[in-house]
Amino acid sequence: MRRLILILALLASPLAAVQPDEVLDDPVLEERAREISEGLRCMVCRNESIDESNAPLARDMRLMVRERLVAGDSDEEVVQYVVERYGEYALLNPRATGANWILWLAGPAMLLVAALIAGLYLRGRARAKPPSDDGLSADEEARLKALLED
Amino acid sequence: MITELGHFALVLAFFVAIVQSVVPLVGAHKRWPGWIAVGEPAATTQLLLVGFSFAALTWAFVTSDFSLQLVTLNSHSAKPLIYKITGVWGNHEGSMLLWVLILALFGAMAAWFGGNLPPTLRARVLAVQGMIGVAFLAFILFTSNPFIRLATPPFDGQDLNPLLQDPGLALHPPFLYLGYVGLSICFSFAVGALLEGRVDAAWGRWVRPWTLAAWVFLTIGIALGSWWAYYELGWGGFWFWDPVENASFMPWLLAVALLHSAIVVEKREALKSWTILLAILAFGFSLIGTFIVRSGLLTSVHAFANDPERGVFILLILAVFMLGALTLFAARASVMEARGVFGMASRESALVANNVLLAVSCFVVFVGTMWPMVAEMFFDRKLSVGPPFFDAAFTPFMVLLGLILPVGAIMPWKRARIGRALRTLRPAALLALAVGGLTWAMQTGNSLLGPVGLFLGAWLVSGAAVDLWLRAGRTPARLTRLPRADWGRAVAHSGFGITVLAIAGLLAWEQEDIRVVQEGESWQMAGFDLTLEEVRELPYNPAEGRNYYSTMGMITLARDGREIATLTPEKRNYPIARMPTTEAGIDYRILRDVYVVLGDPQDDGGWAVRTYLKPLANWIWAGSALMALGGALSLSDRRYRVAAGARKTKPAPATGVPAE
């Protein structure tokens with residue numbers, strides 16, 4: 001629980017992120033900067049994007065993203081730039097490469113398997129003969145008798 | 001003294017739980033009535049003992065007994081009384097005690113209200129519940145004892161984390177635990193039925209109210225936590241896909257699946273083994289959640305070493321219960337023969353689709369939550385899995401679920417015609433398409449999120465209305481006489497629709513404004529005029545219930561020159577815990593909230609101020625409340641009370657008193 005509180009504490013540091021002095025003059029660039037920052041992890045925080053975090057490092061990263069954008073980088077180039085410096089850990093959206101395919105395909109693959117099993121089950125139920133309704137089992141007879149006597 | 005008695009009661013409860021888990025089980029096996037009967041008093045005694053222990057701990061918190069380590073670490077004499085009480089579960093040890101208290105409560109309720117169960121099944125259910133009690137009481141006593149004394153008590157305590165000093169978060173854990181732990185009863189019923197070797201319609205009927213109750217509490221608990229995040233964390237986020245949140249969301253998803261598949265067991269005697277498996281897994285995910293939160297494993301792989309004892313202990317509990325139950329399941333599942341026969345298009349198959357989607361979506365959340373750890377351990381990749389992944393991988397399942405829900409809900413049992421159901425739903429579909437299309441035409445930008453979300457929401461709500469209309473035989477007068485279960489279903493389904501609609505609307509049309517404002521300065525946002533009148537400093541004054549320093553902005557909100565509200569966003573500083581918090585100033589409106597946060601003072605004497613427009617925000621929680629209400633309505637349906645009534649008539653002499 002104490003760790004949970006710590007997590008909450010980190011999540012809830014006062015006032016979110018972007019300071020007025022960071023905002024770019026060009027609204028289109030600023031919009032792109034916000035979008036990119038939402039997908040980048042604040043390296044020292046717990047599960048927070050740099051857009052939400054007010055840690056000094058997050059501010060540095062936000063400024064870095066904006067610098068690259070002003071310098072004319074495309075969105076992908078900015079993200080690549082961050083990954084080269086901070087590693088894959090900085091991406092909140094894991095890239096679909098190598099072993100990460102397991103992560104991305106786990107859902108769809110499981111859906112296929114589950115749909116197949118469910119389909120077979122339903123087909124079985126549709127073809128099954130209704131249970132014979134000729135009387136109750138000995139167990140049920142006894143229970144019925146007990147209930148009626150009550 | 002009271003503390004020692006509380007400690008002693010807890011030890012005693014441990015031994016009672018051992019008796020409860022052994023004697024009725026043996027009794028049920030050997031058919032010894034005396035041994036079978038032990039379960040009920042044992043469950044009641046366990047509740048009384050754990051309850052006393054919890055009361056003793058609460059007493060220590062209320063009287064600020066700083067000779068107790070736990071009180072020193074988590075309380076302070078200057079704290080308002082309400083937060084002294086809620087501080088009992090604002091820490092690991094105390095919250096575990098609450099966990100066990102709720103476990104004992106559910107056990108005792110199963111004993112009290114289980115009069116209509118076959119005696120052997122009841123004995124087995126109580127025994128399994130007792131075993132869970134043994135495991136967690138041992139966990140508390142051996143690794144997380146709340147009753148540890150300090151040799152030299154300090155003068156005052158270190159205060160509760162300020163974030164927890166909030167009504168929303170004070171109530172969040174008890175509701176969450178009522179949900180989490182409530183699923184233990186479903187688990188006990190599943191294992192009890194496996195031991196009994198018999199799963200029939202009656203079993204489905206017994207287990208469903210417990211699932212419903214647990215799910216209602218879990219819904220309320222999650223909604224409270226999300227609402228708290230919205231107003232407290234300072235930027236109006238409401239869900240972060242954090243491992244700790246996912247830990248509560250996974251059991252919720254499985255509980256939804258379980259309460260739907262239990263209907264099939266009850267009405268049609270099919271899906272038996274799957275329902276048993278779901279009941280086992282739902283509680284399994286509760287345990288996994290407890291493990292994630294308590295061990296800190298997922299914060300980072302290395303944090304595991306910080307708390308090895310507790311983490312390993314819970315992992316052991318998880319392994320024993322899951323392996324035990326699943327082995328039993330594997331051995332006995334074959335005896336559960338399905339009886340119901342139904343076509344490929346039928347309400348049964350719609351409920352199967354519901355279960356497939358919910359179970360797979362839960363699996364997606366699980367994989368996403370565990371992947372960073374797996375990737376680091378096996379692939380040597382240190383990576384993050386954050387909201388963008390979950391949004392992309394999870395949302396499609398909910399969209400599919402929302403699309404088929406209204407169709408499935410009106411399909412008859414056994415054999416249905418999809419074309420016919422769709423024709424009946426034509427008005428609902430047209431309405432939903434109109435809403436979606438209108439939204440698409442009116443919004444600026446090309447995002448599909450808003451139109452699709454509103455379409456889906458309108459489809460679900462109007463689909464629920466059509467469902468009610470059909471149930472009432474298209475006669476308005478009969479609407480009031482429908483069974484509560486029908487109302488519950490429609491209310492819960494439309495609640496789901498409203499939540500979907502609100503989340504989509506909020507994410508699609510949120511507006512934000514960041515600026516530096518001088519005192520007295522005004523600014524505009526989306527037709528609202530805001531003025532920062534002044535910024536006040538409020539002193540620390542525990543006598544007035546203010547155990548913090550506050551910097552409070554007074555902001556007037558006006559529309560068309562008419563003042564409509566004064567917002568008071570705050571920056572608080574708790575001197576004892578040395579922690580700052582923010583309190584957003586929110587004007588709750590029906591269609592959109594105006595949400596203002598006061599930031600840091602600037603060099604030029606101004607203040608950083610953030611203004612957000614949050615469309616449909618309230619509807620997220622209104623929808624959750626409707627889901628919970630729907631569950632509660634179903635729970636109060638007559639057929640469950642009939643079962644309870646039958647119990648009351650039992651002791652009466654056999655003169656043929658009709659049961660209701």
# chains A, B, ... in the order shown; residues from 1 in each chain; ligands from 1
$ interface_residues --of "chain B" --to "chain A" --cutoff "6 Å" --atoms "only C-alpha atoms" --output "ChimeraX atom specification"
/B:91-92,233-235,339,341-344,364,382-386,388-389,514-515,581-582,599,654
$ write_last_selection --atoms "C-alpha atoms" --output "tab-separated table (two decimals), in the first residue's frame"
chain	number	residue	atom	x	y	z
B	91	ASN	CA	-1.74	1.69	4.33
B	92	HIS	CA	-0.67	-1.83	3.48
B	233	LEU	CA	-4.71	14.95	-10.27
B	234	GLY	CA	-4.89	18.33	-11.93
B	235	TRP	CA	-5.40	17.70	-15.61
B	339	ARG	CA	-28.27	-30.27	-21.36
B	341	VAL	CA	-29.80	-27.47	-27.00
B	342	PHE	CA	-29.84	-24.27	-29.01
B	343	GLY	CA	-29.28	-22.96	-32.50
B	344	MET	CA	-26.32	-21.01	-33.80
B	364	VAL	CA	-5.26	-8.26	-23.83
B	382	LYS	CA	13.49	-2.68	-21.53
B	383	LEU	CA	10.31	-1.15	-22.82
B	384	SER	CA	7.04	0.45	-21.79
B	385	VAL	CA	3.47	-0.44	-22.59
B	386	GLY	CA	1.32	2.61	-22.12
B	388	PRO	CA	-1.53	4.21	-26.73
B	389	PHE	CA	-1.18	0.42	-26.82
B	514	ILE	CA	-2.56	27.49	-20.89
B	515	ARG	CA	-1.61	31.05	-20.06
B	581	THR	CA	-1.36	18.65	-3.85
B	582	THR	CA	-3.64	20.46	-6.26
B	599	GLY	CA	-0.22	26.75	-11.46
B	654	ALA	CA	-44.93	-29.24	7.71
$ residues_around --residues "Ala632 of chain B" --least-positions-apart "5" --cutoff "9 Å" --atoms "only C-alpha atoms" --output "ChimeraX atom specification"
/B:212-213,216,488,627,637
$ select_by_dssp --residues "segment 10-146 of chain A" --states "strand (DSSP E or B)" --output "list in words"
Leu40, Arg41, Ser49 and Leu91 of chain A
$ residues_around --residues "segment 478-482 of chain B" --least-positions-apart "3" --cutoff "12 Å" --atoms "only C-alpha atoms" --output "list in words"
Ala465, Val466, Asp467, Leu468, Trp469, Leu470, Arg471, Ala472, Gly473, Arg474, Thr475, Ala485, Asp486, Trp487, Gly488, Arg489, Ala490, Leu633, Ser634, Asp637 and Arg638 of chain B
$ select_by_dssp --residues "segment 4-144 of chain A" --states "helix (DSSP H, G or I)" --output "PDB file with C-alpha atoms, in the first residue's frame"
ATOM      1  CA  LEU A   4       0.727   2.454  -4.103  1.00  0.00           C
ATOM      2  CA  ILE A   5       0.664   5.755  -2.287  1.00  0.00           C
ATOM      3  CA  LEU A   6       4.060   6.579  -3.670  1.00  0.00           C
ATOM      4  CA  ILE A   7       2.773   5.832  -7.135  1.00  0.00           C
ATOM      5  CA  LEU A   8      -0.204   8.069  -6.573  1.00  0.00           C
ATOM      6  CA  ALA A   9       2.085  10.712  -5.180  1.00  0.00           C
ATOM      7  CA  LEU A  10       4.170  10.636  -8.318  1.00  0.00           C
ATOM      8  CA  LEU A  11       1.092  10.715 -10.478  1.00  0.00           C
ATOM      9  CA  PRO A  20       3.134  28.644 -20.503  1.00  0.00           C
ATOM     10  CA  ASP A  21       6.695  29.502 -21.537  1.00  0.00           C
ATOM     11  CA  GLU A  22       7.117  26.197 -23.357  1.00  0.00           C
ATOM     12  CA  PRO A  27      -0.280  26.317 -33.184  1.00  0.00           C
ATOM     13  CA  VAL A  28       0.231  23.564 -35.769  1.00  0.00           C
ATOM     14  CA  LEU A  29       3.705  22.755 -34.470  1.00  0.00           C
ATOM     15  CA  GLU A  30       2.442  22.964 -30.868  1.00  0.00           C
ATOM     16  CA  GLU A  31      -0.360  20.554 -31.697  1.00  0.00           C
ATOM     17  CA  ARG A  32       2.178  18.104 -33.159  1.00  0.00           C
ATOM     18  CA  ALA A  33       4.425  18.568 -30.133  1.00  0.00           C
ATOM     19  CA  ARG A  34       1.549  17.702 -27.787  1.00  0.00           C
ATOM     20  CA  GLU A  35       0.674  14.631 -29.784  1.00  0.00           C
ATOM     21  CA  ILE A  36       4.266  13.389 -29.773  1.00  0.00           C
ATOM     22  CA  SER A  37       4.727  14.087 -26.058  1.00  0.00           C
ATOM     23  CA  GLU A  38       1.634  12.075 -25.196  1.00  0.00           C
ATOM     24  CA  PRO A  56      12.339  18.500 -14.620  1.00  0.00           C
ATOM     25  CA  LEU A  57      13.448  15.715 -16.937  1.00  0.00           C
ATOM     26  CA  ALA A  58      10.045  15.669 -18.593  1.00  0.00           C
ATOM     27  CA  ARG A  59      10.351  19.406 -19.169  1.00  0.00           C
ATOM     28  CA  ASP A  60      13.752  18.879 -20.791  1.00  0.00           C
ATOM     29  CA  MET A  61      12.278  16.210 -23.024  1.00  0.00           C
ATOM     30  CA  ARG A  62       9.350  18.425 -23.976  1.00  0.00           C
ATOM     31  CA  LEU A  63      11.701  21.247 -24.883  1.00  0.00           C
ATOM     32  CA  MET A  64      13.824  18.796 -26.863  1.00  0.00           C
ATOM     33  CA  VAL A  65      10.784  17.618 -28.839  1.00  0.00           C
ATOM     34  CA  ARG A  66       9.861  21.216 -29.627  1.00  0.00           C
ATOM     35  CA  GLU A  67      13.416  22.104 -30.620  1.00  0.00           C
ATOM     36  CA  ARG A  68      13.505  19.245 -33.098  1.00  0.00           C
ATOM     37  CA  LEU A  69      10.114  20.225 -34.509  1.00  0.00           C
ATOM     38  CA  VAL A  70      11.179  23.840 -34.950  1.00  0.00           C
ATOM     39  CA  ASP A  75       7.157  13.376 -36.235  1.00  0.00           C
ATOM     40  CA  GLU A  76       8.925  10.047 -36.844  1.00  0.00           C
ATOM     41  CA  GLU A  77      12.339  11.725 -36.833  1.00  0.00           C
ATOM     42  CA  VAL A  78      11.587  13.380 -33.496  1.00  0.00           C
ATOM     43  CA  VAL A  79      10.516  10.078 -31.967  1.00  0.00           C
ATOM     44  CA  GLN A  80      13.573   8.337 -33.430  1.00  0.00           C
ATOM     45  CA  TYR A  81      15.763  11.097 -31.967  1.00  0.00           C
ATOM     46  CA  VAL A  82      14.296  10.503 -28.499  1.00  0.00           C
ATOM     47  CA  VAL A  83      14.647   6.715 -28.800  1.00  0.00           C
ATOM     48  CA  GLU A  84      18.307   7.055 -29.789  1.00  0.00           C
ATOM     49  CA  ARG A  85      18.973   9.032 -26.631  1.00  0.00           C
ATOM     50  CA  TYR A  86      16.725   7.337 -24.096  1.00  0.00           C
ATOM     51  CA  GLU A  88      12.921   2.019 -26.331  1.00  0.00           C
ATOM     52  CA  TYR A  89      11.793   2.493 -22.741  1.00  0.00           C
ATOM     53  CA  ALA A  90      10.721   6.043 -23.615  1.00  0.00           C
ATOM     54  CA  ASN A 100       6.833  -7.241 -29.576  1.00  0.00           C
ATOM     55  CA  TRP A 101       4.810  -8.960 -32.267  1.00  0.00           C
ATOM     56  CA  ILE A 102       3.764 -11.353 -29.529  1.00  0.00           C
ATOM     57  CA  LEU A 103       2.308  -8.439 -27.600  1.00  0.00           C
ATOM     58  CA  TRP A 104       0.510  -6.938 -30.580  1.00  0.00           C
ATOM     59  CA  LEU A 105      -0.802 -10.215 -31.950  1.00  0.00           C
ATOM     60  CA  ALA A 106      -1.786 -11.767 -28.613  1.00  0.00           C
ATOM     61  CA  GLY A 107      -5.260 -10.206 -28.709  1.00  0.00           C
ATOM     62  CA  PRO A 108      -6.216 -10.963 -32.312  1.00  0.00           C
ATOM     63  CA  ALA A 109      -4.734 -14.487 -32.097  1.00  0.00           C
ATOM     64  CA  MET A 110      -6.611 -15.200 -28.883  1.00  0.00           C
ATOM     65  CA  LEU A 111      -9.799 -13.872 -30.436  1.00  0.00           C
ATOM     66  CA  LEU A 112      -9.405 -16.303 -33.349  1.00  0.00           C
ATOM     67  CA  VAL A 113      -8.769 -19.247 -31.033  1.00  0.00           C
ATOM     68  CA  ALA A 114     -11.668 -18.311 -28.759  1.00  0.00           C
ATOM     69  CA  ALA A 115     -14.011 -17.762 -31.701  1.00  0.00           C
ATOM     70  CA  LEU A 116     -13.031 -21.153 -33.115  1.00  0.00           C
ATOM     71  CA  ILE A 117     -13.649 -22.952 -29.822  1.00  0.00           C
ATOM     72  CA  ALA A 118     -16.918 -21.090 -29.309  1.00  0.00           C
ATOM     73  CA  GLY A 119     -17.998 -21.887 -32.864  1.00  0.00           C
ATOM     74  CA  LEU A 120     -17.293 -25.602 -32.410  1.00  0.00           C
ATOM     75  CA  TYR A 121     -19.136 -25.585 -29.095  1.00  0.00           C
ATOM     76  CA  LEU A 122     -22.154 -23.841 -30.592  1.00  0.00           C
ATOM     77  CA  ARG A 123     -22.216 -26.246 -33.509  1.00  0.00           C
ATOM     78  CA  GLY A 124     -22.134 -29.122 -31.072  1.00  0.00           C
ATOM     79  CA  ARG A 125     -25.025 -27.644 -29.118  1.00  0.00           C
ATOM     80  CA  ALA A 126     -27.058 -27.017 -32.247  1.00  0.00           C
ATOM     81  CA  ARG A 127     -26.660 -30.647 -33.341  1.00  0.00           C
ATOM     82  CA  ALA A 138     -33.078 -41.008  -8.609  1.00  0.00           C
ATOM     83  CA  ASP A 139     -31.341 -38.041  -6.987  1.00  0.00           C
ATOM     84  CA  GLU A 140     -33.860 -35.608  -8.354  1.00  0.00           C
ATOM     85  CA  GLU A 141     -36.757 -37.823  -7.291  1.00  0.00           C
ATOM     86  CA  ALA A 142     -35.451 -37.821  -3.742  1.00  0.00           C
ATOM     87  CA  ARG A 143     -34.983 -34.048  -3.731  1.00  0.00           C
ATOM     88  CA  LEU A 144     -38.438 -33.477  -5.187  1.00  0.00           C
TER      89      LEU A 144
END
$ closest_residue --among "B:Val88, B:Val596, B:Ile586, B:Ala558" --to "Leu57 of chain B" --atoms "only C-alpha atoms"
B:Val88
$ residues_around --residues "Arg347 of chain B" --least-positions-apart "4" --cutoff "8 Å" --atoms "only C-alpha atoms" --output "PyMOL selection string"
chain B and resi 351+408-416
$ closest_residue --among "B:Glu232, B:Asp587, B:Glu570, B:Glu544" --to "Ala78 of chain B" --atoms "only C-alpha atoms"
B:Glu544
$ atom_distance --atom1 "atom CA of Tyr180 of chain B" --atom2 "atom CA of Gly168 of chain B"
18.2 Å
$ closest_residue --among "B:Arg423, B:Pro118, B:Ser261, B:Pro251" --to "Ala146 of chain A" --atoms "only C-alpha atoms"
B:Pro118
$ residues_around --residues "segment 444-447 of chain B" --least-positions-apart "4" --cutoff "10 Å" --atoms "only C-alpha atoms" --output "PDB file with C-alpha atoms, in the first residue's frame"
ATOM      1  CA  THR B 439     -22.119  14.596 -34.908  1.00  0.00           C
ATOM      2  CA  TRP B 440     -19.943  13.894 -37.926  1.00  0.00           C
ATOM      3  CA  PRO B 451     -19.172  10.242 -34.133  1.00  0.00           C
ATOM      4  CA  VAL B 452     -18.482   6.538 -33.600  1.00  0.00           C
ATOM      5  CA  ALA B 508     -12.684  13.902 -28.921  1.00  0.00           C
ATOM      6  CA  TRP B 509     -13.715  17.429 -27.973  1.00  0.00           C
TER       7      TRP B 509
END
$ atom_distance --atom1 "atom CA of Val62 of chain B" --atom2 "atom CA of Lys571 of chain B"
27.7 Å
$ decode --residues "segment 49-83 of chain A" --atoms "C-alpha atoms" --output "PDB file, in the first residue's frame"
ATOM      1  CA  SER A  49       3.828  10.689 -20.402  1.00  0.00           C
ATOM      2  CA  ILE A  50       6.073  13.745 -20.569  1.00  0.00           C
ATOM      3  CA  ASP A  51       2.963  15.708 -21.479  1.00  0.00           C
ATOM      4  CA  GLU A  52       1.457  14.975 -18.069  1.00  0.00           C
ATOM      5  CA  SER A  53       4.528  15.003 -15.887  1.00  0.00           C
ATOM      6  CA  ASN A  54       6.027  18.004 -14.191  1.00  0.00           C
ATOM      7  CA  ALA A  55       9.373  16.385 -13.449  1.00  0.00           C
ATOM      8  CA  PRO A  56      12.339  18.500 -14.620  1.00  0.00           C
ATOM      9  CA  LEU A  57      13.448  15.715 -16.937  1.00  0.00           C
ATOM     10  CA  ALA A  58      10.045  15.669 -18.593  1.00  0.00           C
ATOM     11  CA  ARG A  59      10.351  19.406 -19.169  1.00  0.00           C
ATOM     12  CA  ASP A  60      13.752  18.879 -20.791  1.00  0.00           C
ATOM     13  CA  MET A  61      12.278  16.210 -23.024  1.00  0.00           C
ATOM     14  CA  ARG A  62       9.350  18.425 -23.976  1.00  0.00           C
ATOM     15  CA  LEU A  63      11.701  21.247 -24.883  1.00  0.00           C
ATOM     16  CA  MET A  64      13.824  18.796 -26.863  1.00  0.00           C
ATOM     17  CA  VAL A  65      10.784  17.618 -28.839  1.00  0.00           C
ATOM     18  CA  ARG A  66       9.861  21.216 -29.627  1.00  0.00           C
ATOM     19  CA  GLU A  67      13.416  22.104 -30.620  1.00  0.00           C
ATOM     20  CA  ARG A  68      13.505  19.245 -33.098  1.00  0.00           C
ATOM     21  CA  LEU A  69      10.114  20.225 -34.509  1.00  0.00           C
ATOM     22  CA  VAL A  70      11.179  23.840 -34.950  1.00  0.00           C
ATOM     23  CA  ALA A  71      14.334  22.551 -36.657  1.00  0.00           C
ATOM     24  CA  GLY A  72      12.026  20.926 -39.196  1.00  0.00           C
ATOM     25  CA  ASP A  73      12.049  17.240 -38.177  1.00  0.00           C
ATOM     26  CA  SER A  74       9.085  15.051 -39.067  1.00  0.00           C
ATOM     27  CA  ASP A  75       7.157  13.376 -36.235  1.00  0.00           C
ATOM     28  CA  GLU A  76       8.925  10.047 -36.844  1.00  0.00           C
ATOM     29  CA  GLU A  77      12.339  11.725 -36.833  1.00  0.00           C
ATOM     30  CA  VAL A  78      11.587  13.380 -33.496  1.00  0.00           C
ATOM     31  CA  VAL A  79      10.516  10.078 -31.967  1.00  0.00           C
ATOM     32  CA  GLN A  80      13.573   8.337 -33.430  1.00  0.00           C
ATOM     33  CA  TYR A  81      15.763  11.097 -31.967  1.00  0.00           C
ATOM     34  CA  VAL A  82      14.296  10.503 -28.499  1.00  0.00           C
ATOM     35  CA  VAL A  83      14.647   6.715 -28.800  1.00  0.00           C
TER      36      VAL A  83
END
